[in-house]
>>> print(open('run-v3.cif').read())   # mmCIF, N, CA and C atoms
data_target
loop_
_atom_site.label_atom_id
_atom_site.label_comp_id
_atom_site.auth_asym_id
_atom_site.auth_seq_id
_atom_site.Cartn_x
_atom_site.Cartn_y
_atom_site.Cartn_z
N MET A 1 43.39 3.80 154.33
CA MET A 1 42.45 2.92 154.98
C MET A 1 41.54 2.25 153.96
N PHE A 2 41.14 3.01 152.95
CA PHE A 2 40.24 2.49 151.92
C PHE A 2 40.88 1.31 151.17
N LEU A 3 42.19 1.36 150.90
CA LEU A 3 42.89 0.30 150.20
C LEU A 3 43.31 -0.84 151.13
N ALA A 4 43.48 -0.58 152.37
CA ALA A 4 43.94 -1.59 153.32
C ALA A 4 42.85 -2.62 153.61
N LEU A 5 41.59 -2.22 153.65
CA LEU A 5 40.49 -3.15 153.96
C LEU A 5 40.37 -4.24 152.90
N PRO A 6 40.30 -3.94 151.59
CA PRO A 6 40.21 -5.01 150.58
C PRO A 6 41.45 -5.91 150.60
N LEU A 7 42.62 -5.33 150.84
CA LEU A 7 43.84 -6.12 150.89
C LEU A 7 43.80 -7.09 152.06
N ALA A 8 43.33 -6.64 153.21
CA ALA A 8 43.24 -7.49 154.39
C ALA A 8 42.23 -8.62 154.16
N LEU A 9 41.10 -8.31 153.51
CA LEU A 9 40.10 -9.34 153.23
C LEU A 9 40.62 -10.37 152.24
N ALA A 10 41.39 -9.92 151.26
CA ALA A 10 41.93 -10.84 150.26
C ALA A 10 42.94 -11.80 150.87
N ILE A 11 43.71 -11.33 151.81
CA ILE A 11 44.72 -12.17 152.46
C ILE A 11 44.05 -13.15 153.41
N ALA A 12 43.02 -12.75 154.13
CA ALA A 12 42.37 -13.58 155.14
C ALA A 12 41.35 -14.55 154.55
N ALA A 13 40.85 -14.30 153.35
CA ALA A 13 39.81 -15.15 152.77
C ALA A 13 40.39 -16.49 152.33
N PRO A 14 39.66 -17.59 152.55
CA PRO A 14 40.15 -18.89 152.08
C PRO A 14 40.12 -18.94 150.55
N PRO A 15 40.99 -19.74 149.96
CA PRO A 15 41.02 -19.80 148.50
C PRO A 15 39.73 -20.43 147.95
N ALA A 16 39.25 -19.91 146.86
CA ALA A 16 38.05 -20.45 146.23
C ALA A 16 38.45 -21.58 145.29
N LEU A 17 37.66 -22.64 145.26
CA LEU A 17 37.92 -23.76 144.39
C LEU A 17 36.85 -23.81 143.30
N ALA A 18 37.30 -23.95 142.10
CA ALA A 18 36.37 -24.10 140.98
C ALA A 18 36.70 -25.41 140.28
N ALA A 19 35.69 -26.20 140.00
CA ALA A 19 35.90 -27.48 139.35
C ALA A 19 34.90 -27.65 138.23
N PHE A 20 35.35 -28.28 137.16
CA PHE A 20 34.46 -28.63 136.06
C PHE A 20 33.86 -29.98 136.39
N VAL A 21 32.54 -30.03 136.59
CA VAL A 21 31.85 -31.26 136.99
C VAL A 21 30.89 -31.65 135.88
N PHE A 22 30.98 -32.90 135.46
CA PHE A 22 30.14 -33.42 134.38
C PHE A 22 29.64 -34.78 134.80
N ARG A 23 28.32 -34.98 134.81
CA ARG A 23 27.74 -36.24 135.26
C ARG A 23 27.09 -36.98 134.10
N VAL A 24 27.40 -38.28 133.99
CA VAL A 24 26.79 -39.17 133.00
C VAL A 24 26.31 -40.40 133.76
N GLY A 25 25.01 -40.50 133.97
CA GLY A 25 24.47 -41.64 134.72
C GLY A 25 25.00 -41.61 136.13
N ASP A 26 25.62 -42.72 136.57
CA ASP A 26 26.19 -42.81 137.91
C ASP A 26 27.67 -42.47 137.92
N THR A 27 28.20 -41.98 136.80
CA THR A 27 29.61 -41.61 136.73
C THR A 27 29.72 -40.09 136.71
N VAL A 28 30.66 -39.58 137.51
CA VAL A 28 30.87 -38.14 137.59
C VAL A 28 32.33 -37.86 137.21
N TYR A 29 32.52 -36.92 136.29
CA TYR A 29 33.87 -36.50 135.90
C TYR A 29 34.11 -35.13 136.50
N VAL A 30 35.18 -35.01 137.29
CA VAL A 30 35.54 -33.76 137.94
C VAL A 30 36.97 -33.43 137.57
N ASP A 31 37.13 -32.35 136.81
CA ASP A 31 38.45 -31.92 136.36
C ASP A 31 39.25 -33.07 135.75
N GLY A 32 38.59 -33.88 134.94
CA GLY A 32 39.26 -34.96 134.23
C GLY A 32 39.38 -36.25 135.01
N LYS A 33 38.96 -36.29 136.26
CA LYS A 33 39.01 -37.51 137.04
C LYS A 33 37.62 -38.13 137.09
N ARG A 34 37.57 -39.45 137.15
CA ARG A 34 36.30 -40.18 137.12
C ARG A 34 35.97 -40.71 138.50
N TYR A 35 34.73 -40.47 138.94
CA TYR A 35 34.25 -40.95 140.23
C TYR A 35 32.87 -41.56 140.08
N SER A 36 32.51 -42.46 141.00
CA SER A 36 31.12 -42.91 141.05
C SER A 36 30.32 -41.79 141.71
N TRP A 37 29.00 -41.81 141.55
CA TRP A 37 28.15 -40.76 142.14
C TRP A 37 28.29 -40.75 143.66
N GLU A 38 28.34 -41.93 144.29
CA GLU A 38 28.47 -41.99 145.74
C GLU A 38 29.81 -41.40 146.21
N GLU A 39 30.90 -41.71 145.49
CA GLU A 39 32.20 -41.14 145.84
C GLU A 39 32.17 -39.62 145.71
N TRP A 40 31.57 -39.12 144.63
CA TRP A 40 31.55 -37.68 144.41
C TRP A 40 30.74 -36.96 145.48
N LYS A 41 29.63 -37.55 145.92
CA LYS A 41 28.85 -36.91 146.98
C LYS A 41 29.69 -36.77 148.25
N LYS A 42 30.49 -37.80 148.57
CA LYS A 42 31.36 -37.73 149.75
C LYS A 42 32.43 -36.65 149.57
N ILE A 43 33.02 -36.60 148.38
CA ILE A 43 34.07 -35.60 148.11
C ILE A 43 33.49 -34.20 148.12
N ARG A 44 32.33 -34.03 147.52
CA ARG A 44 31.69 -32.72 147.46
C ARG A 44 31.38 -32.20 148.87
N ASP A 45 30.94 -33.08 149.75
CA ASP A 45 30.60 -32.69 151.11
C ASP A 45 31.83 -32.53 152.00
N ASN A 46 32.95 -33.14 151.62
CA ASN A 46 34.18 -33.05 152.40
C ASN A 46 35.35 -32.81 151.44
N PRO A 47 35.71 -31.55 151.15
CA PRO A 47 36.75 -31.24 150.17
C PRO A 47 38.12 -31.84 150.49
N GLU A 48 38.35 -32.25 151.73
CA GLU A 48 39.64 -32.85 152.07
C GLU A 48 39.83 -34.20 151.37
N LEU A 49 38.75 -34.80 150.90
CA LEU A 49 38.83 -36.09 150.23
C LEU A 49 39.09 -35.94 148.73
N ARG A 50 39.41 -34.76 148.25
CA ARG A 50 39.62 -34.53 146.82
C ARG A 50 40.71 -35.42 146.25
N GLU A 51 41.60 -35.88 147.07
CA GLU A 51 42.70 -36.71 146.60
C GLU A 51 42.28 -38.18 146.48
N LEU A 52 41.00 -38.48 146.68
CA LEU A 52 40.48 -39.83 146.54
C LEU A 52 40.73 -40.35 145.13
N GLN A 53 41.13 -41.58 145.01
CA GLN A 53 41.42 -42.15 143.70
C GLN A 53 40.13 -42.32 142.90
N PRO A 54 40.18 -42.08 141.61
CA PRO A 54 39.00 -42.27 140.76
C PRO A 54 38.55 -43.72 140.75
N ALA A 55 37.27 -43.93 140.46
CA ALA A 55 36.70 -45.27 140.39
C ALA A 55 37.34 -46.04 139.24
N ALA A 56 37.56 -47.32 139.46
CA ALA A 56 38.14 -48.15 138.42
C ALA A 56 37.09 -48.44 137.35
N ALA A 57 37.53 -48.52 136.13
CA ALA A 57 36.61 -48.84 135.03
C ALA A 57 36.15 -50.29 135.16
N PRO A 58 34.90 -50.57 134.82
CA PRO A 58 34.43 -51.95 134.92
C PRO A 58 35.24 -52.87 134.02
N ALA A 59 35.50 -54.07 134.51
CA ALA A 59 36.27 -55.03 133.73
C ALA A 59 35.43 -55.56 132.57
N GLY A 60 36.09 -55.85 131.49
CA GLY A 60 35.39 -56.43 130.35
C GLY A 60 34.79 -55.40 129.43
N PRO A 61 34.03 -55.89 128.46
CA PRO A 61 33.45 -54.98 127.46
C PRO A 61 32.36 -54.10 128.05
N ARG A 62 32.17 -52.94 127.47
CA ARG A 62 31.13 -52.01 127.92
C ARG A 62 29.92 -52.00 126.99
N ALA A 63 30.05 -52.60 125.80
CA ALA A 63 28.94 -52.66 124.85
C ALA A 63 29.02 -53.97 124.06
N ALA A 64 27.86 -54.44 123.63
CA ALA A 64 27.80 -55.67 122.85
C ALA A 64 26.50 -55.68 122.05
N ALA A 65 26.38 -56.66 121.17
CA ALA A 65 25.16 -56.84 120.39
C ALA A 65 24.73 -58.29 120.52
N CYS A 66 23.44 -58.52 120.66
CA CYS A 66 22.90 -59.86 120.79
C CYS A 66 21.82 -60.04 119.73
N THR A 67 21.91 -61.14 118.96
CA THR A 67 21.02 -61.36 117.83
C THR A 67 20.35 -62.72 117.94
N THR A 68 19.09 -62.79 117.51
CA THR A 68 18.40 -64.08 117.48
C THR A 68 19.02 -64.94 116.38
N ALA A 69 18.94 -66.26 116.56
CA ALA A 69 19.53 -67.17 115.58
C ALA A 69 18.61 -67.38 114.38
N ILE A 70 17.30 -67.24 114.56
CA ILE A 70 16.35 -67.46 113.48
C ILE A 70 15.47 -66.22 113.32
N TYR A 71 14.65 -66.25 112.27
CA TYR A 71 13.75 -65.13 111.98
C TYR A 71 12.39 -65.36 112.65
N TYR A 72 11.78 -64.28 113.14
CA TYR A 72 10.49 -64.33 113.83
C TYR A 72 9.54 -63.33 113.19
N ASP A 73 8.22 -63.63 113.32
CA ASP A 73 7.22 -62.67 112.84
C ASP A 73 6.75 -61.74 113.95
N GLU A 74 7.21 -61.99 115.18
CA GLU A 74 6.96 -61.10 116.31
C GLU A 74 8.14 -61.22 117.27
N PHE A 75 8.22 -60.29 118.21
CA PHE A 75 9.37 -60.30 119.12
C PHE A 75 9.43 -61.63 119.87
N PRO A 76 10.61 -62.24 120.00
CA PRO A 76 10.74 -63.56 120.62
C PRO A 76 10.27 -63.59 122.08
N SER A 77 9.94 -64.78 122.53
CA SER A 77 9.46 -64.99 123.91
C SER A 77 10.61 -64.78 124.91
N GLU A 78 10.26 -64.78 126.19
CA GLU A 78 11.25 -64.54 127.26
C GLU A 78 12.35 -65.60 127.30
N ASP A 79 12.04 -66.83 126.92
CA ASP A 79 13.03 -67.90 127.03
C ASP A 79 13.93 -68.02 125.79
N GLU A 80 13.72 -67.18 124.79
CA GLU A 80 14.56 -67.20 123.59
C GLU A 80 15.97 -66.73 123.93
N ARG A 81 16.96 -67.46 123.42
CA ARG A 81 18.36 -67.09 123.64
C ARG A 81 18.87 -66.26 122.47
N PHE A 82 19.65 -65.25 122.79
CA PHE A 82 20.28 -64.39 121.81
C PHE A 82 21.78 -64.72 121.78
N GLN A 83 22.35 -64.76 120.58
CA GLN A 83 23.79 -64.95 120.44
C GLN A 83 24.45 -63.58 120.60
N CYS A 84 25.27 -63.45 121.64
CA CYS A 84 25.85 -62.15 121.97
C CYS A 84 27.32 -62.07 121.60
N SER A 85 27.74 -60.89 121.17
CA SER A 85 29.15 -60.64 120.87
C SER A 85 29.90 -60.42 122.18
N ALA A 86 31.17 -60.07 122.08
CA ALA A 86 32.03 -59.80 123.24
C ALA A 86 32.17 -61.02 124.14
N ASP A 87 32.13 -62.21 123.54
CA ASP A 87 32.30 -63.48 124.27
C ASP A 87 31.28 -63.67 125.39
N LEU A 88 30.08 -63.15 125.23
CA LEU A 88 29.05 -63.34 126.24
C LEU A 88 28.28 -64.64 126.04
N GLY A 89 28.29 -65.19 124.82
CA GLY A 89 27.62 -66.45 124.54
C GLY A 89 26.14 -66.29 124.29
N MET A 90 25.39 -67.37 124.49
CA MET A 90 23.95 -67.39 124.28
C MET A 90 23.26 -67.02 125.60
N LEU A 91 22.47 -65.95 125.58
CA LEU A 91 21.80 -65.48 126.80
C LEU A 91 20.35 -65.14 126.51
N THR A 92 19.49 -65.36 127.52
CA THR A 92 18.11 -64.87 127.44
C THR A 92 18.11 -63.40 127.85
N ARG A 93 17.00 -62.72 127.63
CA ARG A 93 16.93 -61.31 128.03
C ARG A 93 17.10 -61.18 129.54
N GLU A 94 16.54 -62.10 130.29
CA GLU A 94 16.67 -62.06 131.75
C GLU A 94 18.13 -62.21 132.18
N GLN A 95 18.85 -63.13 131.55
CA GLN A 95 20.26 -63.32 131.89
C GLN A 95 21.09 -62.08 131.53
N ILE A 96 20.74 -61.43 130.43
CA ILE A 96 21.44 -60.20 130.04
C ILE A 96 21.29 -59.16 131.14
N LEU A 97 20.07 -58.98 131.65
CA LEU A 97 19.82 -57.99 132.70
C LEU A 97 20.49 -58.40 134.02
N GLU A 98 20.47 -59.69 134.35
CA GLU A 98 21.11 -60.17 135.58
C GLU A 98 22.61 -59.92 135.59
N LYS A 99 23.23 -59.94 134.42
CA LYS A 99 24.68 -59.72 134.33
C LYS A 99 25.04 -58.23 134.34
N GLY A 100 24.05 -57.36 134.55
CA GLY A 100 24.33 -55.94 134.67
C GLY A 100 24.27 -55.16 133.37
N TRP A 101 23.76 -55.76 132.31
CA TRP A 101 23.64 -55.07 131.02
C TRP A 101 22.28 -54.41 130.94
N LYS A 102 22.18 -53.37 130.13
CA LYS A 102 20.88 -52.75 129.84
C LYS A 102 20.72 -52.71 128.33
N VAL A 103 19.47 -52.85 127.88
CA VAL A 103 19.18 -52.84 126.45
C VAL A 103 19.01 -51.39 126.01
N ASP A 104 19.86 -50.96 125.09
CA ASP A 104 19.82 -49.58 124.60
C ASP A 104 18.96 -49.43 123.35
N PHE A 105 18.92 -50.47 122.55
CA PHE A 105 18.27 -50.35 121.25
C PHE A 105 17.89 -51.74 120.76
N VAL A 106 16.74 -51.86 120.10
CA VAL A 106 16.32 -53.11 119.47
C VAL A 106 16.17 -52.84 117.98
N GLU A 107 16.85 -53.64 117.18
CA GLU A 107 16.80 -53.48 115.73
C GLU A 107 16.14 -54.69 115.10
N LYS A 108 15.24 -54.46 114.16
CA LYS A 108 14.62 -55.54 113.39
C LYS A 108 15.40 -55.68 112.08
N VAL A 109 16.01 -56.85 111.89
CA VAL A 109 16.85 -57.09 110.72
C VAL A 109 16.06 -57.96 109.73
N PRO A 110 15.75 -57.44 108.55
CA PRO A 110 15.00 -58.23 107.57
C PRO A 110 15.86 -59.34 106.98
N PRO A 111 15.23 -60.40 106.47
CA PRO A 111 16.01 -61.49 105.86
C PRO A 111 16.60 -61.05 104.52
N PRO A 112 17.64 -61.74 104.07
CA PRO A 112 18.20 -61.44 102.74
C PRO A 112 17.14 -61.69 101.66
N SER A 113 17.34 -61.12 100.52
CA SER A 113 16.34 -61.21 99.45
C SER A 113 16.11 -62.63 98.95
N ASP A 114 17.06 -63.54 99.16
CA ASP A 114 16.89 -64.92 98.68
C ASP A 114 16.18 -65.82 99.70
N GLN A 115 15.79 -65.29 100.86
CA GLN A 115 15.08 -66.08 101.87
C GLN A 115 13.62 -65.65 101.95
N GLN A 116 12.81 -66.55 102.50
CA GLN A 116 11.39 -66.27 102.68
C GLN A 116 11.23 -65.06 103.59
N ALA A 117 10.39 -64.12 103.18
CA ALA A 117 10.23 -62.87 103.93
C ALA A 117 8.95 -62.82 104.74
N GLN A 118 8.09 -63.87 104.63
CA GLN A 118 6.84 -63.87 105.38
C GLN A 118 6.67 -65.19 106.11
N SER A 119 6.03 -65.12 107.26
CA SER A 119 5.73 -66.31 108.04
C SER A 119 4.51 -67.00 107.45
N PRO A 120 4.22 -68.23 107.88
CA PRO A 120 2.99 -68.90 107.42
C PRO A 120 1.73 -68.10 107.77
N ARG A 121 1.81 -67.22 108.76
CA ARG A 121 0.67 -66.38 109.12
C ARG A 121 0.57 -65.14 108.24
N GLY A 122 1.51 -64.99 107.31
CA GLY A 122 1.48 -63.86 106.39
C GLY A 122 2.13 -62.60 106.94
N MET A 123 2.84 -62.71 108.05
CA MET A 123 3.50 -61.54 108.66
C MET A 123 4.97 -61.51 108.24
N PRO A 124 5.56 -60.33 108.15
CA PRO A 124 6.98 -60.24 107.77
C PRO A 124 7.89 -60.85 108.84
N LEU A 125 8.98 -61.45 108.40
CA LEU A 125 9.94 -62.08 109.30
C LEU A 125 11.14 -61.15 109.54
N PHE A 126 11.66 -61.20 110.77
CA PHE A 126 12.83 -60.41 111.14
C PHE A 126 13.69 -61.18 112.13
N LYS A 127 14.99 -60.93 112.08
CA LYS A 127 15.87 -61.29 113.20
C LYS A 127 15.84 -60.09 114.12
N TYR A 128 16.01 -60.30 115.40
CA TYR A 128 16.01 -59.19 116.36
C TYR A 128 17.41 -59.07 116.95
N LYS A 129 17.89 -57.84 116.93
CA LYS A 129 19.24 -57.53 117.43
C LYS A 129 19.10 -56.56 118.59
N LEU A 130 19.66 -56.94 119.74
CA LEU A 130 19.67 -56.07 120.92
C LEU A 130 21.04 -55.43 121.03
N VAL A 131 21.09 -54.14 121.13
CA VAL A 131 22.35 -53.43 121.39
C VAL A 131 22.35 -53.14 122.89
N ILE A 132 23.36 -53.68 123.59
CA ILE A 132 23.39 -53.58 125.06
C ILE A 132 24.65 -52.87 125.52
N SER A 133 24.58 -52.32 126.73
CA SER A 133 25.74 -51.63 127.30
C SER A 133 25.67 -51.72 128.82
N ARG A 134 26.79 -51.36 129.45
CA ARG A 134 26.85 -51.33 130.93
C ARG A 134 26.83 -49.90 131.39
#
>>> encode(input="run-v3.cif", output="structure tokens")
Amino acid sequence: MFLALPLALAIAAPPALAAFVFRVGDTVYVDGKRYSWEEWKKIRDNPELRELQPAAAPAGPRAAACTTAIYYDEFPSEDERFQCSADLGMLTREQILEKGWKVDFVEKVPPPSDQQAQSPRGMPLFKYKLVISR
């Protein structure tokens, strides 16, 4: 009787599921499959949906760099256009955000040694480079 009870419980118990879940922003990786956060919440609450197809990767580039065309002694104004890589063209900061990009890093690039390094106001000059991603 002592051995029969654990055996009966093991046979009658539903199988346990273990999954490796890793979340990065709004993307969730579950056992090597990629889901959006909203999809994963639905799957987590209803295990029958586990066969749901992973979210498609966004089309186009996921990272780019945008640089000012000239040197400034302070950060450029809102209407300044940045020349962006990944065939994005010339965009203002507002246009960059409207297209779904976020600014990850701003780098101040000093001028080459053969160019003027100070503005007429006596401040150092820099090009500004935005590193952006989706």
>>> resolve_selection(input="run-v3.cif", expression="the PyMOL selection byres ((chain A and resi 61) around 8)", output="VMD selection string")
chain A and resid 58 to 60 62 to 64 86 133 to 134
>>> closest_residue(input="run-v3.cif", among="A:Asp31, A:Glu107, A:Asp45, A:Glu78", to="Glu94 of chain A", atoms="all atoms listed in the file")
A:Glu78
>>> resolve_selection(input="run-v3.cif", expression="the PyMOL selection byres ((chain A and resi 79) around 8)", output="list of chain:residue names")
A:Pro76, A:Ser77, A:Glu78, A:Glu80, A:Arg81, A:Phe82, A:Leu91, A:Thr92, A:Arg93, A:Glu94
>>> atom_distance(input="run-v3.cif", atom1="atom C of Gln118 of chain A", atom2="atom N of Ser85 of chain A")
26.3 Å
>>> atom_distance(input="run-v3.cif", atom1="atom CA of Tyr72 of chain A", atom2="atom CA of Met90 of chain A")
17.3 Å
>>> closest_residue(input="run-v3.cif", among="A:Phe126, A:Tyr29, A:Tyr35, A:Trp40", to="Glu74 of chain A", atoms="all atoms listed in the file")
A:Phe126
>>> residues_around(input="run-v3.cif", residues="Tyr71 of chain A", least_positions_apart="5", cutoff="6.5 Å", atoms="all atoms listed in the file", output="ChimeraX atom specification")
/A:125-128
>>> closest_residue(input="run-v3.cif", among="A:Ala117, A:Cys84, A:Leu130, A:Val24", to="Lys102 of chain A", atoms="only N, CA and C atoms")
A:Leu130
>>> atom_distance(input="run-v3.cif", atom1="atom N of Gly89 of chain A", atom2="atom N of Asp26 of chain A")
25.5 Å
>>> select_by_dssp(input="run-v3.cif", residues="segment 55-115 of chain A", states="strand (DSSP E or B)", output="ChimeraX atom specification")
/A:63-67,72,82-84,89-91,102-109
>>> write_last_selection(input="run-v3.cif", atoms="N, CA and C atoms", output="PDB file, keeping the file's coordinate frame")
ATOM      1  N   ALA A  63      30.050 -52.600 125.800  1.00  0.00           N
ATOM      2  CA  ALA A  63      28.940 -52.660 124.850  1.00  0.00           C
ATOM      3  C   ALA A  63      29.020 -53.970 124.060  1.00  0.00           C
ATOM      4  N   ALA A  64      27.860 -54.440 123.630  1.00  0.00           N
ATOM      5  CA  ALA A  64      27.800 -55.670 122.850  1.00  0.00           C
ATOM      6  C   ALA A  64      26.500 -55.680 122.050  1.00  0.00           C
ATOM      7  N   ALA A  65      26.380 -56.660 121.170  1.00  0.00           N
ATOM      8  CA  ALA A  65      25.160 -56.840 120.390  1.00  0.00           C
ATOM      9  C   ALA A  65      24.730 -58.290 120.520  1.00  0.00           C
ATOM     10  N   CYS A  66      23.440 -58.520 120.660  1.00  0.00           N
ATOM     11  CA  CYS A  66      22.900 -59.860 120.790  1.00  0.00           C
ATOM     12  C   CYS A  66      21.820 -60.040 119.730  1.00  0.00           C
ATOM     13  N   THR A  67      21.910 -61.140 118.960  1.00  0.00           N
ATOM     14  CA  THR A  67      21.020 -61.360 117.830  1.00  0.00           C
ATOM     15  C   THR A  67      20.350 -62.720 117.940  1.00  0.00           C
ATOM     16  N   TYR A  72      11.780 -64.280 113.140  1.00  0.00           N
ATOM     17  CA  TYR A  72      10.490 -64.330 113.830  1.00  0.00           C
ATOM     18  C   TYR A  72       9.540 -63.330 113.190  1.00  0.00           C
ATOM     19  N   PHE A  82      19.650 -65.250 122.790  1.00  0.00           N
ATOM     20  CA  PHE A  82      20.280 -64.390 121.810  1.00  0.00           C
ATOM     21  C   PHE A  82      21.780 -64.720 121.780  1.00  0.00           C
ATOM     22  N   GLN A  83      22.350 -64.760 120.580  1.00  0.00           N
ATOM     23  CA  GLN A  83      23.790 -64.950 120.440  1.00  0.00           C
ATOM     24  C   GLN A  83      24.450 -63.580 120.600  1.00  0.00           C
ATOM     25  N   CYS A  84      25.270 -63.450 121.640  1.00  0.00           N
ATOM     26  CA  CYS A  84      25.850 -62.150 121.970  1.00  0.00           C
ATOM     27  C   CYS A  84      27.320 -62.070 121.600  1.00  0.00           C
ATOM     28  N   GLY A  89      28.290 -65.190 124.820  1.00  0.00           N
ATOM     29  CA  GLY A  89      27.620 -66.450 124.540  1.00  0.00           C
ATOM     30  C   GLY A  89      26.140 -66.290 124.290  1.00  0.00           C
ATOM     31  N   MET A  90      25.390 -67.370 124.490  1.00  0.00           N
ATOM     32  CA  MET A  90      23.950 -67.390 124.280  1.00  0.00           C
ATOM     33  C   MET A  90      23.260 -67.020 125.600  1.00  0.00           C
ATOM     34  N   LEU A  91      22.470 -65.950 125.580  1.00  0.00           N
ATOM     35  CA  LEU A  91      21.800 -65.480 126.800  1.00  0.00           C
ATOM     36  C   LEU A  91      20.350 -65.140 126.510  1.00  0.00           C
ATOM     37  N   LYS A 102      22.180 -53.370 130.130  1.00  0.00           N
ATOM     38  CA  LYS A 102      20.880 -52.750 129.840  1.00  0.00           C
ATOM     39  C   LYS A 102      20.720 -52.710 128.330  1.00  0.00           C
ATOM     40  N   VAL A 103      19.470 -52.850 127.880  1.00  0.00           N
ATOM     41  CA  VAL A 103      19.180 -52.840 126.450  1.00  0.00           C
ATOM     42  C   VAL A 103      19.010 -51.390 126.010  1.00  0.00           C
ATOM     43  N   ASP A 104      19.860 -50.960 125.090  1.00  0.00           N
ATOM     44  CA  ASP A 104      19.820 -49.580 124.600  1.00  0.00           C
ATOM     45  C   ASP A 104      18.960 -49.430 123.350  1.00  0.00           C
ATOM     46  N   PHE A 105      18.920 -50.470 122.550  1.00  0.00           N
ATOM     47  CA  PHE A 105      18.270 -50.350 121.250  1.00  0.00           C
ATOM     48  C   PHE A 105      17.890 -51.740 120.760  1.00  0.00           C
ATOM     49  N   VAL A 106      16.740 -51.860 120.100  1.00  0.00           N
ATOM     50  CA  VAL A 106      16.320 -53.110 119.470  1.00  0.00           C
ATOM     51  C   VAL A 106      16.170 -52.840 117.980  1.00  0.00           C
ATOM     52  N   GLU A 107      16.850 -53.640 117.180  1.00  0.00           N
ATOM     53  CA  GLU A 107      16.800 -53.480 115.730  1.00  0.00           C
ATOM     54  C   GLU A 107      16.140 -54.690 115.100  1.00  0.00           C
ATOM     55  N   LYS A 108      15.240 -54.460 114.160  1.00  0.00           N
ATOM     56  CA  LYS A 108      14.620 -55.540 113.390  1.00  0.00           C
ATOM     57  C   LYS A 108      15.400 -55.680 112.080  1.00  0.00           C
ATOM     58  N   VAL A 109      16.010 -56.850 111.890  1.00  0.00           N
ATOM     59  CA  VAL A 109      16.850 -57.090 110.720  1.00  0.00           C
ATOM     60  C   VAL A 109      16.060 -57.960 109.730  1.00  0.00           C
TER      61      VAL A 109
END
>>> residues_near_point(input="run-v3.cif", point="(21.1, -64.2, 115.6)", cutoff="8 Å", atoms="only C-alpha atoms", output="list in words")
Cys66, Thr67, Thr68, Ala69, Ile70, Phe82, Gln83, Lys127, Tyr128 and Lys129 of chain A
>>> closest_residue(input="run-v3.cif", among="A:Ile132, A:Ser36, A:Val30, A:Asn46", to="Trp101 of chain A", atoms="all atoms listed in the file")
A:Ile132
>>> build_atoms(input="run-v3.cif", residues="segment 109-120 of chain A", atoms="N, CA, C and O atoms", output="tab-separated table (two decimals), in the coordinates of the input")
chain	number	residue	atom	x	y	z
A	109	VAL	N	16.01	-56.85	111.89
A	109	VAL	CA	16.85	-57.09	110.72
A	109	VAL	C	16.06	-57.96	109.73
A	109	VAL	O	15.74	-59.10	110.04
A	110	PRO	N	15.75	-57.44	108.55
A	110	PRO	CA	15.00	-58.23	107.57
A	110	PRO	C	15.86	-59.34	106.98
A	110	PRO	O	17.09	-59.24	106.96
A	111	PRO	N	15.23	-60.40	106.47
A	111	PRO	CA	16.01	-61.49	105.86
A	111	PRO	C	16.60	-61.05	104.52
A	111	PRO	O	16.12	-60.10	103.90
A	112	PRO	N	17.64	-61.74	104.07
A	112	PRO	CA	18.20	-61.44	102.74
A	112	PRO	C	17.14	-61.69	101.66
A	112	PRO	O	16.17	-62.42	101.88
A	113	SER	N	17.34	-61.12	100.52
A	113	SER	CA	16.34	-61.21	99.45
A	113	SER	C	16.11	-62.63	98.95
A	113	SER	O	15.05	-62.93	98.40
A	114	ASP	N	17.06	-63.54	99.16
A	114	ASP	CA	16.89	-64.92	98.68
A	114	ASP	C	16.18	-65.82	99.70
A	114	ASP	O	15.98	-66.99	99.45
A	115	GLN	N	15.79	-65.29	100.86
A	115	GLN	CA	15.08	-66.08	101.87
A	115	GLN	C	13.62	-65.65	101.95
A	115	GLN	O	13.26	-64.53	101.56
A	116	GLN	N	12.81	-66.55	102.50
A	116	GLN	CA	11.39	-66.27	102.68
A	116	GLN	C	11.23	-65.06	103.59
A	116	GLN	O	11.84	-64.97	104.64
A	117	ALA	N	10.39	-64.12	103.18
A	117	ALA	CA	10.23	-62.87	103.93
A	117	ALA	C	8.95	-62.82	104.74
A	117	ALA	O	8.71	-61.87	105.46
A	118	GLN	N	8.09	-63.87	104.63
A	118	GLN	CA	6.84	-63.87	105.38
A	118	GLN	C	6.67	-65.19	106.11
A	118	GLN	O	7.08	-66.25	105.63
A	119	SER	N	6.03	-65.12	107.26
A	119	SER	CA	5.73	-66.31	108.04
A	119	SER	C	4.51	-67.00	107.45
A	119	SER	O	3.80	-66.42	106.62
A	120	PRO	N	4.22	-68.23	107.88
A	120	PRO	CA	2.99	-68.90	107.42
A	120	PRO	C	1.73	-68.10	107.77
A	120	PRO	O	0.70	-68.26	107.13
